[in-house]
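*Asks:* Just query_30.cif, nothing more (mmCIF, C-alpha atoms and all ligand atoms):
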```cif
data_coords
loop_
_atom_site.label_atom_id
_atom_site.label_comp_id
_atom_site.auth_asym_id
_atom_site.auth_seq_id
_atom_site.Cartn_x
_atom_site.Cartn_y
_atom_site.Cartn_z
CA MET A 1 46.09 -99.51 -99.65
CA LYS A 2 44.03 -96.44 -100.45
CA ASP A 3 41.56 -98.06 -102.84
CA LYS A 4 38.07 -97.02 -103.90
CA ASN A 5 36.62 -98.59 -100.73
CA PHE A 6 38.88 -96.40 -98.60
CA ASN A 7 37.95 -93.20 -100.46
CA THR A 8 34.23 -93.99 -100.22
CA LEU A 9 34.64 -94.66 -96.50
CA ILE A 10 36.41 -91.35 -95.87
CA LYS A 11 33.61 -89.50 -97.71
CA LYS A 12 30.91 -91.36 -95.76
CA LEU A 13 32.51 -90.56 -92.40
CA GLN A 14 31.97 -86.85 -93.05
CA PHE A 15 28.24 -87.52 -92.68
CA CYS A 16 28.46 -88.99 -89.17
CA GLU A 17 25.82 -87.26 -87.01
CA HIS A 18 27.45 -88.37 -83.72
CA CYS A 19 24.06 -89.80 -82.81
CA GLY A 20 25.61 -92.78 -81.03
CA PHE A 21 23.13 -95.37 -82.37
CA CYS A 22 26.14 -97.52 -83.29
CA ARG A 23 27.23 -97.52 -79.63
CA SER A 24 23.97 -99.16 -78.57
CA VAL A 25 24.76 -102.38 -80.43
CA CYS A 26 28.54 -102.84 -80.30
CA PRO A 27 29.21 -106.10 -78.43
CA PHE A 28 32.81 -105.19 -77.62
CA LEU A 29 31.92 -101.74 -76.28
CA GLU A 30 29.47 -103.52 -73.94
CA ALA A 31 32.12 -106.10 -72.99
CA SER A 32 34.68 -103.32 -72.29
CA ASN A 33 32.62 -101.46 -69.67
CA MET A 34 31.50 -98.92 -72.29
CA GLU A 35 35.01 -97.50 -72.76
CA GLU A 36 34.31 -95.03 -75.57
CA SER A 37 37.67 -95.44 -77.33
CA VAL A 38 36.93 -99.12 -78.11
CA GLY A 39 33.39 -98.42 -79.33
CA PRO A 40 32.37 -97.59 -82.89
CA ARG A 41 32.01 -93.82 -82.45
CA GLY A 42 35.34 -93.64 -80.62
CA ARG A 43 36.99 -95.72 -83.33
CA LYS A 44 35.65 -93.36 -85.98
CA THR A 45 37.12 -90.31 -84.22
CA LEU A 46 40.50 -92.02 -83.72
CA PHE A 47 40.49 -93.21 -87.34
CA LEU A 48 40.09 -89.67 -88.68
CA SER A 49 42.85 -88.46 -86.34
CA LEU A 50 45.09 -91.30 -87.52
CA PHE A 51 44.64 -90.45 -91.19
CA GLU A 52 45.05 -86.73 -90.51
CA ASN A 53 48.32 -87.61 -88.71
CA LYS A 54 47.02 -86.12 -85.47
CA VAL A 55 47.70 -89.39 -83.61
CA GLN A 56 50.53 -91.78 -84.34
CA PRO A 57 50.18 -95.53 -84.95
CA THR A 58 51.27 -97.33 -81.76
CA PRO A 59 50.51 -100.73 -80.15
CA ARG A 60 48.21 -98.88 -77.72
CA LEU A 61 46.27 -97.34 -80.59
CA ALA A 62 46.18 -100.75 -82.32
CA GLN A 63 44.15 -102.10 -79.37
CA LYS A 64 41.33 -99.64 -80.17
CA PHE A 65 40.93 -101.06 -83.67
CA TYR A 66 41.65 -104.76 -83.01
CA MET A 67 39.02 -104.91 -80.26
CA CYS A 68 36.35 -104.95 -83.00
CA GLY A 69 34.76 -108.18 -84.22
CA VAL A 70 34.16 -106.74 -87.72
CA CYS A 71 30.56 -107.79 -87.14
CA ARG A 72 28.76 -104.91 -88.93
CA ALA A 73 26.10 -104.54 -86.19
CA CYS A 74 26.89 -100.80 -86.13
CA ALA A 75 26.27 -100.50 -89.89
CA VAL A 76 22.71 -101.81 -89.52
CA LYS A 77 21.89 -99.13 -86.92
CA CYS A 78 23.69 -96.19 -88.52
CA PRO A 79 21.32 -93.70 -90.24
CA GLN A 80 24.18 -92.80 -92.62
CA GLY A 81 25.06 -96.41 -93.45
CA ILE A 82 28.55 -96.07 -91.94
CA ASP A 83 30.20 -99.43 -91.34
CA ILE A 84 32.79 -99.12 -88.57
CA SER A 85 34.16 -102.60 -89.38
CA GLU A 86 35.65 -100.95 -92.50
CA VAL A 87 37.16 -98.25 -90.28
CA SER A 88 38.80 -100.96 -88.16
CA VAL A 89 40.15 -102.88 -91.15
CA HIS A 90 41.69 -99.79 -92.81
CA ALA A 91 43.14 -98.51 -89.52
CA ARG A 92 44.71 -101.95 -88.92
CA HIS A 93 46.24 -101.78 -92.38
CA LYS A 94 47.83 -98.42 -91.63
CA ILE A 95 49.09 -99.66 -88.24
CA ILE A 96 50.64 -102.78 -89.84
CA LYS A 97 52.30 -100.64 -92.53
CA ALA A 98 53.79 -98.48 -89.76
CA SER A 99 55.13 -101.65 -88.00
CA ALA A 100 53.24 -100.60 -84.87
CA LEU A 101 51.87 -103.98 -83.77
CA ASN A 102 53.06 -105.44 -80.47
CA PRO A 103 55.28 -108.57 -80.80
CA PHE A 104 52.43 -111.06 -80.24
CA MET A 105 50.16 -109.41 -82.81
CA LYS A 106 53.07 -109.27 -85.26
CA LYS A 107 53.57 -113.02 -84.80
CA VAL A 108 49.86 -113.58 -85.51
CA ALA A 109 50.14 -111.45 -88.67
CA ASP A 110 53.24 -113.33 -89.89
CA SER A 111 51.57 -116.68 -89.23
CA LEU A 112 48.42 -115.63 -91.14
CA VAL A 113 50.40 -114.48 -94.18
CA LYS A 114 52.33 -117.75 -94.32
CA GLU A 115 49.56 -120.22 -93.52
CA VAL A 116 46.78 -118.69 -95.63
CA LYS A 117 49.11 -118.98 -98.62
CA ASN A 118 49.74 -122.64 -97.71
CA GLY A 119 45.98 -123.30 -97.74
CA ASP A 120 45.01 -123.56 -94.08
CA ILE A 121 44.71 -120.68 -91.63
CA PHE A 122 45.82 -122.93 -88.74
CA GLY A 123 48.73 -124.39 -90.68
CA ALA A 124 47.08 -127.80 -90.87
CA ALA A 125 47.01 -128.07 -94.68
CA ALA A 126 48.39 -131.63 -94.46
CA THR A 127 45.23 -132.86 -92.71
CA LYS A 128 42.55 -130.45 -93.96
CA ALA A 129 40.99 -132.93 -96.42
CA LYS A 130 41.12 -135.85 -93.98
CA TRP A 131 37.43 -135.56 -93.08
CA ALA A 132 36.52 -136.56 -96.65
CA GLU A 133 38.85 -139.59 -96.93
CA ASN A 134 36.07 -142.18 -96.90
CA ILE A 135 33.46 -140.16 -98.73
CA ASN A 136 32.88 -140.53 -102.46
CA MET A 137 32.56 -137.14 -104.11
CA SER A 138 32.68 -136.40 -107.80
CA ASN A 139 35.26 -133.98 -109.15
CA ASN A 140 33.62 -133.03 -112.40
CA SER A 141 30.89 -130.58 -111.45
CA ASP A 142 31.18 -126.80 -111.81
CA THR A 143 29.42 -126.51 -108.42
CA VAL A 144 31.94 -126.94 -105.62
CA PHE A 145 31.40 -127.59 -101.94
CA PHE A 146 33.89 -125.26 -100.23
CA ALA A 147 34.63 -127.01 -96.93
CA SER A 148 36.72 -124.19 -95.33
CA CYS A 149 39.87 -124.69 -93.29
CA MET A 150 38.10 -123.10 -90.33
CA ASP A 151 35.69 -126.05 -90.21
CA THR A 152 38.29 -128.71 -91.01
CA SER A 153 40.98 -127.40 -88.63
CA MET A 154 39.03 -125.42 -85.99
CA ALA A 155 40.16 -127.84 -83.29
CA TYR A 156 43.62 -126.23 -83.60
CA GLY A 157 42.06 -122.79 -83.11
CA GLU A 158 40.11 -124.03 -80.09
CA LEU A 159 43.25 -125.51 -78.54
CA LEU A 160 45.27 -122.35 -79.20
CA VAL A 161 42.62 -120.08 -77.63
CA ASP A 162 42.29 -122.42 -74.59
CA VAL A 163 46.05 -122.56 -74.03
CA LEU A 164 46.43 -118.79 -74.49
CA GLU A 165 43.63 -118.24 -71.98
CA LYS A 166 45.48 -120.30 -69.36
CA PHE A 167 49.06 -119.22 -70.11
CA GLY A 168 48.54 -115.77 -71.67
CA TRP A 169 51.65 -114.47 -69.91
CA ALA A 170 53.68 -116.63 -72.32
CA GLU A 171 51.72 -115.67 -75.45
CA ASN A 172 54.78 -114.90 -77.61
CA THR A 173 56.35 -118.28 -76.85
CA LEU A 174 53.04 -120.06 -77.37
CA MET A 175 52.55 -118.39 -80.74
CA SER A 176 56.04 -119.55 -81.80
CA LEU A 177 55.25 -123.08 -80.58
CA SER A 178 52.00 -123.07 -82.54
CA GLY A 179 54.18 -122.54 -85.64
CA LEU A 180 56.15 -125.66 -84.70
CA ALA A 181 52.93 -127.65 -84.26
CA GLN A 182 52.07 -126.76 -87.84
CA LYS A 183 54.98 -128.71 -89.37
CA PRO A 184 53.43 -131.52 -91.46
CA GLY A 185 54.71 -134.51 -89.41
CA ILE A 186 53.81 -132.98 -86.05
CA ASN A 187 50.54 -131.82 -87.53
CA MET A 188 49.58 -135.50 -88.20
CA LEU A 189 50.25 -136.32 -84.54
CA PHE A 190 48.24 -133.31 -83.40
CA ASP A 191 45.35 -134.41 -85.58
CA LYS A 192 45.15 -137.69 -83.64
CA PHE A 193 45.42 -135.87 -80.31
CA LEU A 194 42.63 -133.47 -81.34
CA ALA A 195 40.37 -136.13 -82.88
CA ARG A 196 37.41 -135.53 -80.56
CA LYS A 197 37.51 -131.75 -80.96
CA SER A 198 37.98 -132.11 -84.74
CA ASP A 199 35.06 -134.52 -85.08
CA PHE A 200 32.77 -131.91 -83.53
CA TYR A 201 33.54 -129.42 -86.35
CA ARG A 202 34.08 -131.92 -89.19
CA LYS A 203 30.76 -133.71 -88.50
CA SER A 204 28.91 -130.74 -90.04
CA LEU A 205 30.93 -131.14 -93.23
CA VAL A 206 30.14 -134.85 -93.50
CA ASN A 207 26.47 -134.03 -92.87
CA THR A 208 26.53 -131.25 -95.48
CA VAL A 209 27.67 -133.83 -98.04
CA LYS A 210 24.92 -136.25 -96.91
CA LEU A 211 22.31 -133.49 -97.25
CA LEU A 212 23.45 -132.35 -100.69
CA ASN A 213 23.41 -135.96 -101.88
CA LYS A 214 19.92 -136.49 -100.46
CA LEU A 215 18.78 -133.38 -102.36
CA ASN A 216 20.39 -134.69 -105.58
CA VAL A 217 22.71 -131.68 -105.85
CA ARG A 218 25.68 -132.46 -108.12
CA PHE A 219 28.88 -131.02 -106.71
CA SER A 220 32.66 -131.48 -106.49
CA TYR A 221 35.13 -131.02 -103.66
CA LEU A 222 38.65 -129.70 -104.27
CA GLY A 223 40.15 -131.68 -101.37
CA SER A 224 43.67 -130.66 -100.37
CA GLU A 225 43.73 -128.28 -103.37
CA GLU A 226 40.98 -126.14 -101.84
CA PRO A 227 42.55 -122.73 -101.10
CA CYS A 228 41.91 -120.73 -97.93
CA CYS A 229 39.46 -117.88 -98.66
CA GLY A 230 41.80 -115.43 -96.90
CA ALA A 231 39.06 -113.79 -94.78
CA ALA A 232 41.46 -113.49 -91.85
CA LEU A 233 43.97 -111.53 -93.96
CA HIS A 234 41.25 -109.02 -94.74
CA THR A 235 39.92 -108.62 -91.22
CA TYR A 236 43.42 -108.43 -89.72
CA GLY A 237 44.19 -105.48 -92.02
CA LEU A 238 46.65 -107.36 -94.25
CA LEU A 239 44.94 -105.80 -97.25
CA ASP A 240 47.80 -105.98 -99.77
CA GLU A 241 48.27 -109.68 -98.99
CA PHE A 242 44.49 -110.23 -99.19
CA ALA A 243 44.27 -108.49 -102.58
CA GLU A 244 47.01 -110.73 -103.99
CA HIS A 245 45.58 -113.86 -102.37
CA ALA A 246 42.02 -113.21 -103.62
CA LYS A 247 43.30 -112.92 -107.20
CA ASN A 248 45.18 -116.24 -106.84
CA VAL A 249 42.09 -117.96 -105.40
CA TYR A 250 40.01 -116.74 -108.34
CA LYS A 251 42.66 -118.06 -110.74
CA ILE A 252 42.49 -121.50 -109.06
CA PHE A 253 38.69 -121.51 -109.29
CA LYS A 254 38.81 -120.55 -112.97
CA GLU A 255 41.42 -123.23 -113.78
CA LYS A 256 39.16 -125.80 -112.12
CA GLY A 257 36.06 -124.58 -113.95
CA VAL A 258 34.24 -123.50 -110.76
CA ARG A 259 31.06 -121.49 -111.40
CA ARG A 260 29.24 -121.93 -108.10
CA LEU A 261 30.35 -122.39 -104.48
CA ILE A 262 28.29 -123.95 -101.71
CA VAL A 263 29.70 -123.10 -98.29
CA HIS A 264 28.99 -124.25 -94.77
CA ASN A 265 31.19 -121.64 -93.09
CA PRO A 266 29.49 -118.24 -93.59
CA ILE A 267 32.81 -116.44 -92.98
CA CYS A 268 34.18 -117.83 -96.26
CA GLY A 269 30.80 -117.28 -97.95
CA GLY A 270 30.64 -113.73 -96.60
CA VAL A 271 34.12 -112.77 -97.76
CA PHE A 272 33.52 -114.30 -101.21
CA LYS A 273 30.22 -112.42 -101.55
CA ALA A 274 31.01 -109.13 -99.84
CA GLU A 275 34.77 -108.55 -100.37
CA TYR A 276 35.99 -110.48 -103.43
CA PRO A 277 33.99 -108.34 -105.92
CA SER A 278 35.96 -105.26 -104.75
CA TYR A 279 39.35 -106.97 -105.00
CA VAL A 280 39.03 -109.29 -108.01
CA ASP A 281 38.19 -107.82 -111.43
CA GLY A 282 35.46 -109.82 -113.13
CA TRP A 283 34.57 -111.91 -110.03
CA ASP A 284 31.63 -113.96 -111.36
CA ILE A 285 31.31 -116.91 -109.00
CA GLU A 286 27.92 -117.53 -107.43
CA VAL A 287 28.06 -118.24 -103.68
CA LYS A 288 25.38 -119.96 -101.62
CA HIS A 289 25.16 -121.21 -98.08
CA VAL A 290 24.07 -124.85 -97.78
CA ILE A 291 21.05 -123.73 -95.74
CA GLU A 292 19.83 -121.73 -98.76
CA VAL A 293 20.01 -124.91 -100.84
CA VAL A 294 18.04 -126.86 -98.20
CA ALA A 295 15.42 -124.08 -97.85
CA GLU A 296 14.92 -124.02 -101.64
CA ALA A 297 14.40 -127.79 -101.65
CA ILE A 298 11.85 -127.54 -98.82
CA GLU A 299 9.95 -124.76 -100.59
CA ASN A 300 10.00 -126.50 -103.99
CA ASN A 301 9.48 -130.14 -103.09
CA GLY A 302 8.93 -130.40 -99.35
CA ILE A 303 11.12 -132.76 -97.30
CA ASN A 304 9.95 -134.83 -94.37
CA LEU A 305 11.94 -133.76 -91.33
CA ARG A 306 11.33 -134.87 -87.77
CA LEU A 307 13.57 -134.58 -84.71
CA PRO A 308 13.87 -137.84 -82.75
CA GLU A 309 12.87 -136.03 -79.50
CA PRO A 310 10.89 -132.80 -79.05
CA ALA A 311 13.22 -129.82 -78.53
CA LYS A 312 13.07 -126.06 -78.11
CA VAL A 313 15.68 -124.55 -80.42
CA VAL A 314 16.99 -120.99 -80.55
CA PHE A 315 18.84 -119.92 -83.71
CA HIS A 316 21.84 -117.61 -83.47
CA ASP A 317 22.36 -115.77 -86.78
CA PRO A 318 26.13 -115.59 -87.45
CA CYS A 319 27.12 -112.01 -88.41
CA TYR A 320 28.65 -113.30 -91.64
CA LEU A 321 25.49 -115.21 -92.60
CA ALA A 322 23.03 -112.42 -91.82
CA ARG A 323 24.98 -109.27 -92.62
CA PHE A 324 27.59 -110.34 -95.19
CA MET A 325 25.67 -113.08 -97.04
CA ASP A 326 22.19 -111.56 -96.45
CA VAL A 327 20.75 -114.94 -95.46
CA VAL A 328 18.16 -114.62 -92.69
CA ASN A 329 14.89 -116.24 -93.78
CA GLU A 330 16.30 -119.57 -94.98
CA PRO A 331 17.42 -120.95 -91.57
CA ARG A 332 13.90 -120.22 -90.30
CA VAL A 333 12.25 -121.90 -93.30
CA VAL A 334 14.35 -124.99 -92.57
CA LEU A 335 13.90 -125.07 -88.78
CA LYS A 336 10.13 -124.45 -89.03
CA ALA A 337 9.86 -127.44 -91.39
CA ILE A 338 11.20 -129.83 -88.74
CA GLU A 339 8.51 -131.65 -86.76
CA ASN A 340 9.08 -131.88 -83.02
CA LEU A 341 11.13 -128.65 -83.12
CA GLU A 342 9.85 -125.48 -81.47
CA LEU A 343 11.75 -122.47 -82.82
CA ILE A 344 12.29 -119.54 -80.48
CA GLU A 345 13.74 -116.18 -81.49
CA PRO A 346 16.36 -114.59 -79.25
CA PRO A 347 16.70 -110.87 -78.54
CA ASN A 348 18.81 -109.42 -81.39
CA SER A 349 18.16 -111.70 -84.32
CA LYS A 350 18.29 -111.71 -88.12
CA ARG A 351 20.18 -108.65 -89.45
CA GLU A 352 20.27 -107.24 -85.93
CA THR A 353 22.03 -110.29 -84.54
CA LYS A 354 24.73 -109.82 -81.90
CA CYS A 355 28.31 -111.08 -82.36
CA CYS A 356 29.28 -114.25 -80.49
CA GLY A 357 32.53 -112.62 -79.28
CA GLY A 358 34.69 -113.99 -82.10
CA GLY A 359 35.85 -112.05 -85.15
CA GLY A 360 39.52 -112.53 -84.19
CA VAL A 361 39.11 -110.78 -80.82
CA GLU A 362 39.06 -114.22 -79.15
CA LEU A 363 42.73 -114.71 -80.00
CA ILE A 364 44.09 -111.34 -78.87
CA TYR A 365 41.76 -109.96 -76.18
CA ARG A 366 40.53 -113.24 -74.67
CA ASP A 367 38.83 -111.74 -71.59
CA VAL A 368 36.81 -109.21 -73.54
CA ALA A 369 35.84 -111.84 -76.13
CA THR A 370 34.71 -114.26 -73.41
CA ARG A 371 32.59 -111.52 -71.80
CA ALA A 372 30.99 -110.82 -75.21
CA ALA A 373 30.31 -114.57 -75.62
CA VAL A 374 28.75 -114.76 -72.15
CA ASN A 375 26.55 -111.73 -72.96
CA ARG A 376 25.35 -113.31 -76.21
CA VAL A 377 24.76 -116.76 -74.73
CA SER A 378 22.74 -115.18 -71.88
CA GLU A 379 20.47 -113.64 -74.52
CA LEU A 380 20.24 -116.90 -76.46
CA ASN A 381 19.33 -118.75 -73.29
CA ALA A 382 16.61 -116.26 -72.28
CA GLY A 383 13.78 -118.48 -73.58
CA ASN A 384 15.16 -121.65 -71.92
CA PRO A 385 16.00 -123.55 -75.09
CA ASP A 386 17.23 -127.16 -75.11
CA ILE A 387 19.48 -126.43 -78.08
CA ILE A 388 21.34 -123.38 -79.37
CA SER A 389 21.86 -123.77 -83.09
CA SER A 390 23.93 -121.86 -85.62
CA CYS A 391 26.22 -122.66 -88.55
CA CYS A 392 29.64 -121.04 -88.11
CA PRO A 393 32.74 -122.65 -86.58
CA VAL A 394 33.75 -119.46 -84.75
CA CYS A 395 30.22 -118.99 -83.35
CA ALA A 396 30.33 -122.66 -82.28
CA LEU A 397 33.61 -122.11 -80.44
CA MET A 398 32.43 -118.95 -78.66
CA ILE A 399 28.91 -120.20 -77.86
CA LYS A 400 30.41 -123.36 -76.30
CA LYS A 401 32.69 -121.08 -74.28
CA GLY A 402 29.71 -118.96 -73.12
CA ILE A 403 27.71 -122.08 -72.17
CA LYS A 404 30.67 -123.41 -70.16
CA ASN A 405 31.24 -120.11 -68.36
CA LEU A 406 27.57 -119.78 -67.46
CA LYS A 407 27.38 -123.50 -66.53
CA LEU A 408 24.19 -123.88 -68.59
CA ASN A 409 22.40 -127.10 -69.37
CA VAL A 410 21.91 -126.36 -73.06
CA LYS A 411 23.55 -128.02 -76.08
CA TYR A 412 25.12 -126.39 -79.11
CA ILE A 413 24.20 -128.18 -82.37
CA ASP A 414 24.94 -126.97 -85.90
CA ILE A 415 21.81 -126.42 -88.01
CA VAL A 416 23.12 -128.87 -90.65
CA ASP A 417 23.50 -131.56 -87.97
CA LEU A 418 19.95 -130.86 -86.73
CA VAL A 419 18.57 -131.27 -90.26
CA THR A 420 20.55 -134.47 -90.82
CA ASP A 421 19.36 -135.93 -87.48
CA SER A 422 15.82 -135.10 -88.58
CA LEU A 423 16.28 -136.73 -91.98
CA SER A 424 17.41 -140.05 -90.59
CA MET A 425 14.01 -140.46 -88.90
CA THR A 426 12.06 -140.37 -92.21
S1 LIG B 1 31.81 -103.91 -86.45
FE1 LIG B 1 30.86 -104.78 -84.58
S2 LIG B 1 32.51 -104.83 -83.07
FE2 LIG B 1 33.18 -103.44 -84.74
S3 LIG B 1 32.55 -101.38 -84.10
FE3 LIG B 1 30.87 -102.21 -85.33
S4 LIG B 1 29.47 -103.16 -83.83
FE4 LIG B 1 31.45 -102.85 -82.79
S1 LIG B 2 25.40 -94.46 -85.86
FE1 LIG B 2 26.49 -93.65 -87.67
S2 LIG B 2 25.99 -91.46 -87.68
FE2 LIG B 2 25.52 -92.22 -85.59
S3 LIG B 2 27.44 -91.92 -84.41
FE3 LIG B 2 27.52 -94.00 -85.23
S4 LIG B 2 28.67 -93.77 -87.15
FE4 LIG B 2 27.96 -91.70 -86.59
#
```
Can the structure in the file be given as structure tokens, please?
Ligand code: SF4
Ligand code: SF4

*Replies:*
Amino acid sequence: MKDKNFNTLIKKLQFCEHCGFCRSVCPFLEASNMEESVGPRGRKTLFLSLFENKVQPTPRLAQKFYMCGVCRACAVKCPQGIDISEVSVHARHKIIKASALNPFMKKVADSLVKEVKNGDIFGAAATKAKWAENINMSNNSDTVFFASCMDTSMAYGELLVDVLEKFGWAENTLMSLSGLAQKPGINMLFDKFLARKSDFYRKSLVNTVKLLNKLNVRFSYLGSEEPCCGAALHTYGLLDEFAEHAKNVYKIFKEKGVRRLIVHNPICGGVFKAEYPSYVDGWDIEVKHVIEVVAEAIENNGINLRLPEPAKVVFHDPCYLARFMDVVNEPRVVLKAIENLELIEPPNSKRETKCCGGGGVELIYRDVATRAAVNRVSELNAGNPDIISSCCPVCALMIKKGIKNLKLNVKYIDIVDLVTDSLSMT
């Protein structure tokens, strides 16, 4: 799809000064022993060669572009404002069009196309609204809490990544089996089996509802009719499918009278804010992260917040929150308002935050992604915190992985859960 974004990108790339500033911040270049071809500057060179037909799309070339977390760290450093995540996404698109993915990556692509359309990236549409079964939520507000299938069904993603890590030699078979696990009946059984893992992610949704209620925010929830935002289609390079999906999602929102979205998952928020306006004519839906709503309430009215026990907390800015949604001050406003909480800043924070190792790399290049997670968690742990906090299901998955690998005695707690724990003490 050679759209206006692609043409702007090609023009921008002509201004690359080869300065290499982008190389200094790429988490996957660092996790790949500085192999230039999987770093941002290398990707840029290969991208131009690909579009000038000097190199051919092959599974080997695909690796160079899929080993990118689409994190935009390079864009913040680049004096010319070049965003290599866009390079990766457009190169992936060309590689998919040329049918040059390896069999496993092709299976992932096919699964994404099918399941995003069905409403849940992990194929768990039948159970995605289960977390809200016993919660009363109105359905007549034009402000909608968008719960995200990544939060509701992330336990499936965690299980898939864990199993692939152990039995990667059978990845094609495992990917086919994951399709089987997504059949509605089997999905119900899986949901019971994964209850503990699911509760970890779904707890933040329940707490988001509690917080919004406490702040007297009127909102609706679309339940099982909530569509998937389609972020994974975009990042995977399935741009034609994403363009069509985004238009359908907008149609659903319009039919339901949605004017405002409140998200917990910044990946959905980021794609709505940063990508939908380029793909959907007339996109006019306001998007906020729940932490922006809480920060506004603290600044306007003040809320009494106190952690039950004193704790040193480090905040990891998710790439999608800081660089796609442009939300960096609000988490700090909220955390600084909590008594008994000492906030520490890690190296690489705010817009210069470092990727947790996710961004889709965790599914395909598990070793590299785990090394990136370990690198980031080492930074987060530098000030000896008791708690690492963030607000993204993929960051949660990768930070937990980094903590486990480093055998650290530090907990991961979502910022919404920290605020809710602090509220119950007042
Ligand atoms: S978007 Fe992130 S992972 Fe991709 S090239 Fe830029 S810094 Fe590296
Ligand atoms: S930072 Fe920007 S200008 Fe410098 S090498 Fe990277 S893409 Fe080129």

*Asks:* Kindly assemble as JSON lines a list of the chain A residues that lie within 8 Å of ligand LIG 1 (chain B), each paired with its nearest atom pair and their distance in Å to one decimal, using all atoms listed in the file, sorted first by chain and then by ascending residue number.

*Replies:*
```
{"residue": "A:Cys22", "atom": "CA", "partner": "B:LIG1", "partner_atom": "S4", "distance": 6.6}
{"residue": "A:Arg23", "atom": "CA", "partner": "B:LIG1", "partner_atom": "S4", "distance": 7.4}
{"residue": "A:Val25", "atom": "CA", "partner": "B:LIG1", "partner_atom": "S4", "distance": 5.9}
{"residue": "A:Cys26", "atom": "CA", "partner": "B:LIG1", "partner_atom": "S4", "distance": 3.7}
{"residue": "A:Pro27", "atom": "CA", "partner": "B:LIG1", "partner_atom": "S2", "distance": 5.8}
{"residue": "A:Phe28", "atom": "CA", "partner": "B:LIG1", "partner_atom": "S2", "distance": 5.5}
{"residue": "A:Leu29", "atom": "CA", "partner": "B:LIG1", "partner_atom": "FE4", "distance": 6.6}
{"residue": "A:Val38", "atom": "CA", "partner": "B:LIG1", "partner_atom": "S3", "distance": 7.8}
{"residue": "A:Gly39", "atom": "CA", "partner": "B:LIG1", "partner_atom": "S3", "distance": 5.7}
{"residue": "A:Pro40", "atom": "CA", "partner": "B:LIG1", "partner_atom": "S3", "distance": 4.0}
{"residue": "A:Arg41", "atom": "CA", "partner": "B:LIG1", "partner_atom": "S3", "distance": 7.8}
{"residue": "A:Arg43", "atom": "CA", "partner": "B:LIG1", "partner_atom": "S3", "distance": 7.2}
{"residue": "A:Met67", "atom": "CA", "partner": "B:LIG1", "partner_atom": "S2", "distance": 7.1}
{"residue": "A:Cys68", "atom": "CA", "partner": "B:LIG1", "partner_atom": "S2", "distance": 3.8}
{"residue": "A:Gly69", "atom": "CA", "partner": "B:LIG1", "partner_atom": "S2", "distance": 4.2}
{"residue": "A:Val70", "atom": "CA", "partner": "B:LIG1", "partner_atom": "S1", "distance": 3.9}
{"residue": "A:Cys71", "atom": "CA", "partner": "B:LIG1", "partner_atom": "FE1", "distance": 4.0}
{"residue": "A:Arg72", "atom": "CA", "partner": "B:LIG1", "partner_atom": "S1", "distance": 4.1}
{"residue": "A:Ala73", "atom": "CA", "partner": "B:LIG1", "partner_atom": "S4", "distance": 4.3}
{"residue": "A:Cys74", "atom": "CA", "partner": "B:LIG1", "partner_atom": "S4", "distance": 4.2}
{"residue": "A:Ala75", "atom": "CA", "partner": "B:LIG1", "partner_atom": "FE3", "distance": 6.7}
{"residue": "A:Asp83", "atom": "CA", "partner": "B:LIG1", "partner_atom": "FE3", "distance": 6.7}
{"residue": "A:Ile84", "atom": "CA", "partner": "B:LIG1", "partner_atom": "FE3", "distance": 4.9}
{"residue": "A:Ser85", "atom": "CA", "partner": "B:LIG1", "partner_atom": "S1", "distance": 4.0}
{"residue": "A:Glu86", "atom": "CA", "partner": "B:LIG1", "partner_atom": "S1", "distance": 7.8}
{"residue": "A:Ser88", "atom": "CA", "partner": "B:LIG1", "partner_atom": "FE2", "distance": 7.0}
{"residue": "A:Cys355", "atom": "CA", "partner": "B:LIG1", "partner_atom": "FE1", "distance": 7.1}
```

*Asks:* Quick one: contact table of segment 26-134 of chain A to segment 4-21 of chain A, 7 Å max, nearest atom pair and distance in Å to one decimal per residue, counting only C-alpha atoms, chain and number order, as a Markdown table?

*Replies:*
```
| residue | atom | partner | partner_atom | distance |
| --- | --- | --- | --- | --- |
| A:Arg41 | CA | A:Gly20 | CA | 6.6 |
| A:Lys77 | CA | A:Phe21 | CA | 6.0 |
| A:Cys78 | CA | A:Phe21 | CA | 6.2 |
| A:Gln80 | CA | A:Phe15 | CA | 6.7 |
| A:Ile82 | CA | A:Lys12 | CA | 6.5 |
```

*Asks:* Would you compute the distance between atom CA of Ile387 of chain A and atom CA of Val313 of chain A? Give it in Å to one decimal.

*Replies:*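 Atom-to-atom, atom CA of Ile387 of chain A and atom CA of Val313 of chain A are spaced 4.8 Å apart.
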
*Asks:* Draw an axis-aligned box over all listed atoms of ligand LIG 2 (chain B), pad each side with 8 Å, and write its centre and edge lengths in Å, one decimal, as AutoDock Vina command-line options.

*Replies:*
```
--center_x 27.0 --center_y -93.0 --center_z -86.0 --size_x 19.3 --size_y 19.0 --size_z 19.3
```

*Asks:* Near Val258 of chain A, within 7 Å and counting all atoms listed in the file, which residues show up once chain neighbours fewer than 4 positions away are dropped, as a ChimeraX atom specification?

*Replies:* /A:142-144,253-254

*Asks:* Using atom FE3 of ligand LIG 2 (chain B) and atom CA of Asn53 of chain A as the two end points, give the distance in Å to one decimal.

*Replies:*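 That distance, rounded to one decimal, is 22.0 Å.
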